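K.L.:
Pasting a structure here, questions to come.
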Amino acid sequence: MFLDGKSAGILESIATDEWRGSWKNNVMNNVEKLYLQLPHITSGRHMLRIRALDRYVSFSKLVIYTQGYVASNLGPQESYHAQYNREPVHGPYEFSFDAPAVADLFQNLFDGARAELPDVIYADKKFWASNRLYLKNVVRQQIALGEKKYRREADGTKNVFRKMHQGMFRENDGEIRIDCECALANSENAYLLPDLAGIAWEHVQSETDGRTGLAMHVAAEGLSWEDFRQAPSLNYRMRAEGGSYQIWTLLKYDDEFSARVAIGIDGKVVPQEKMYGSGRLFNYGTKQNWVWMLLAEAELAPGEHMFTVYAVASGIRVDRIFLTRGESIPPIDAEWRENV
């Protein structure tokens with residue numbers, strides 16, 4: 001790379017084979033991000049030239065951070081400078097379109113009525129009783145998706161709080177059902193608590209609610225917490241009729257590091273050794289898939305309780321929580337109804 005005719009350094013990947021450098025994240029994101037510290041640049045016009053040293057190298061975006069690095073998945077929009085680029089060939093991109101119509105168009109192209117829907121995977125008691133490496137998962141077929149809960153408004157935006165339940169979660173027919181994104185409301189019945197550094201759970205797109213749903217995750221990579229009580233948490237107030245409950249969570253993880261979670265009831269963390277898989281959920285047959293996992297069993301007295309999900313490690317996504325006094329498995333998306 002050359003800046004104003006002088007060498008500014010070489011961008012080189014060390015992920016030249018499996019497990020080298022950032023190979024794992026490169027595979028997950030289908031791209032590698034390389035970084036270089038440029039020399040001091042004065043104000044004004046400059047020329048940055050890139051030359052390929054190897055064949056078969058391509059890149060899609062170049063971003064120069066002038067005020068410090070800002071974490072982003074896709075990076076900012078293309079820059080436009082009115083003084084030096086008065087008649088740009090590319091950008092700025094100014095056009096209007098009917099956002100809901102475009103969304104409906106693509107939704108119809110991949111609508112569940114036209115394409116086969118993925119099976120719902122369940123990790124029950126038998127899942128944890130044996131080595132699952134060469135065994136098929138327990139699944140239930142989806143014939144239809146659930147109702148689209150978070151539809152776009154006429155202006156292309158989504159008002160998720162208007163559709164979000166903010167009441168207490170109450171048991172009905174021996175079951176308590178919770179949508180995890182309700183914690184975004186930060187109400188007295190569902191709220192977020194960050195760690196000491198201010199890191200908290202954030203929302204991310206999910207496959208539920210007719211593929212308009214939201215899940216929760218800690219976005220920053222490579223973080224973990226030894227003291228779960230100090231970790232970012234999701235908290236839900238619920239009313240139980242009392243008895244022995246199986247605790248399920250609809251979740252997704254990409255690797256062994258992120259496949260960890262802890263839960264708590266009324267401020268007490270459930271010991272990892274009392275959770276199925278001892279709190280370590282990784283399995284090759286379920287990674288990178290949404291899966292209903294049976295996490296633990298707990299005795300609850302009749303009355304009000306606070307249920308908590310702790311982020312043992314960043315990266316895991318949690319979408320729904322299901323508590324049942326029977327042996328029933330969580331419902332598929334089309335049959336899901338919250339208890340509020």
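In the structure tokens, chains take letters A, B, ... by order of appearance, with residues numbered from 1 within each chain and ligands from 1 in the order shown.
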As an MDAnalysis selection string, list the residues of segment 30-259 of chain A assigned to strand (DSSP E or B) by DSSP on the backbone atoms of this structure.

P.N.:
chainID A and resid 48:49 120:123 138:140 169:170 172 175:179 190:193 202:205 214:217 224 233:240 243:252

K.L.:
Would you list the contacts of segment 299-306 of chain A as a VMD selection string, taking every protein, DNA or RNA residue within 10 Å and counting only C-alpha atoms, but skipping same-chain residues closer than 5 positions in sequence?

P.N.:
chain A and resid 168 to 170 189 to 190 235 to 246 264 to 268 325

K.L.:
Give me the residues within 8 Å of segment 314-322 of chain A as an MDAnalysis selection string, counting only C-alpha atoms and dropping any in the same chain fewer than 6 places off.

P.N.:
chainID A and resid 175:181 206 214:224 247:254 258:261 330

K.L.:
Export, as a compact mmCIF listing (two decimals), in the first residue's frame, the selected residues with C-alpha atoms.

P.N.:
```txt
# COMPACT_ATOMS: atom_id res chain seq x y z
CA GLU A 175 -46.10 -23.76 31.05
CA ILE A 176 -44.33 -20.39 31.20
CA ARG A 177 -43.25 -18.88 27.88
CA ILE A 178 -40.92 -15.89 27.54
CA ASP A 179 -39.64 -13.97 24.50
CA CYS A 180 -36.16 -12.83 25.48
CA GLU A 181 -36.25 -9.48 23.65
CA SER A 206 -33.85 -14.29 14.75
CA LEU A 214 -35.49 -10.74 17.80
CA ALA A 215 -33.00 -12.65 19.92
CA MET A 216 -30.46 -11.38 22.43
CA HIS A 217 -26.66 -11.68 22.42
CA VAL A 218 -23.51 -10.00 23.71
CA ALA A 219 -22.01 -8.75 20.47
CA ALA A 220 -18.38 -8.12 21.50
CA GLU A 221 -16.13 -11.04 20.60
CA GLY A 222 -14.03 -13.12 22.97
CA LEU A 223 -15.50 -11.97 26.30
CA SER A 224 -16.17 -14.28 29.24
CA ILE A 247 -36.15 -25.22 31.81
CA TRP A 248 -35.62 -24.95 28.04
CA THR A 249 -33.99 -22.17 26.01
CA LEU A 250 -34.07 -21.57 22.27
CA LEU A 251 -30.49 -20.63 21.44
CA LYS A 252 -27.76 -20.62 18.81
CA TYR A 253 -23.96 -20.71 19.04
CA ASP A 254 -21.17 -20.78 16.47
CA SER A 258 -19.67 -19.23 22.93
CA ALA A 259 -21.69 -22.37 23.77
CA ARG A 260 -21.98 -21.50 27.45
CA VAL A 261 -24.73 -19.97 29.51
CA PRO A 330 -41.39 -26.36 23.49
```

K.L.:
So the first atom is atom CA of Pro232 of chain A and the second is atom CA of Ile263 of chain A; what is the distance between them in Å, to one decimal place?

P.N.:
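These atoms are spaced 11.6 Å apart.
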
K.L.:
Of the residues A:Lys287, A:Arg337, A:Arg20, A:Arg45, which is the one nearest to Ala123 of chain A, using only C-alpha atoms?

P.N.:
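Between A:Lys287, A:Arg337, A:Arg20, A:Arg45, the residue approaching Ala123 of chain A most closely is A:Lys287.
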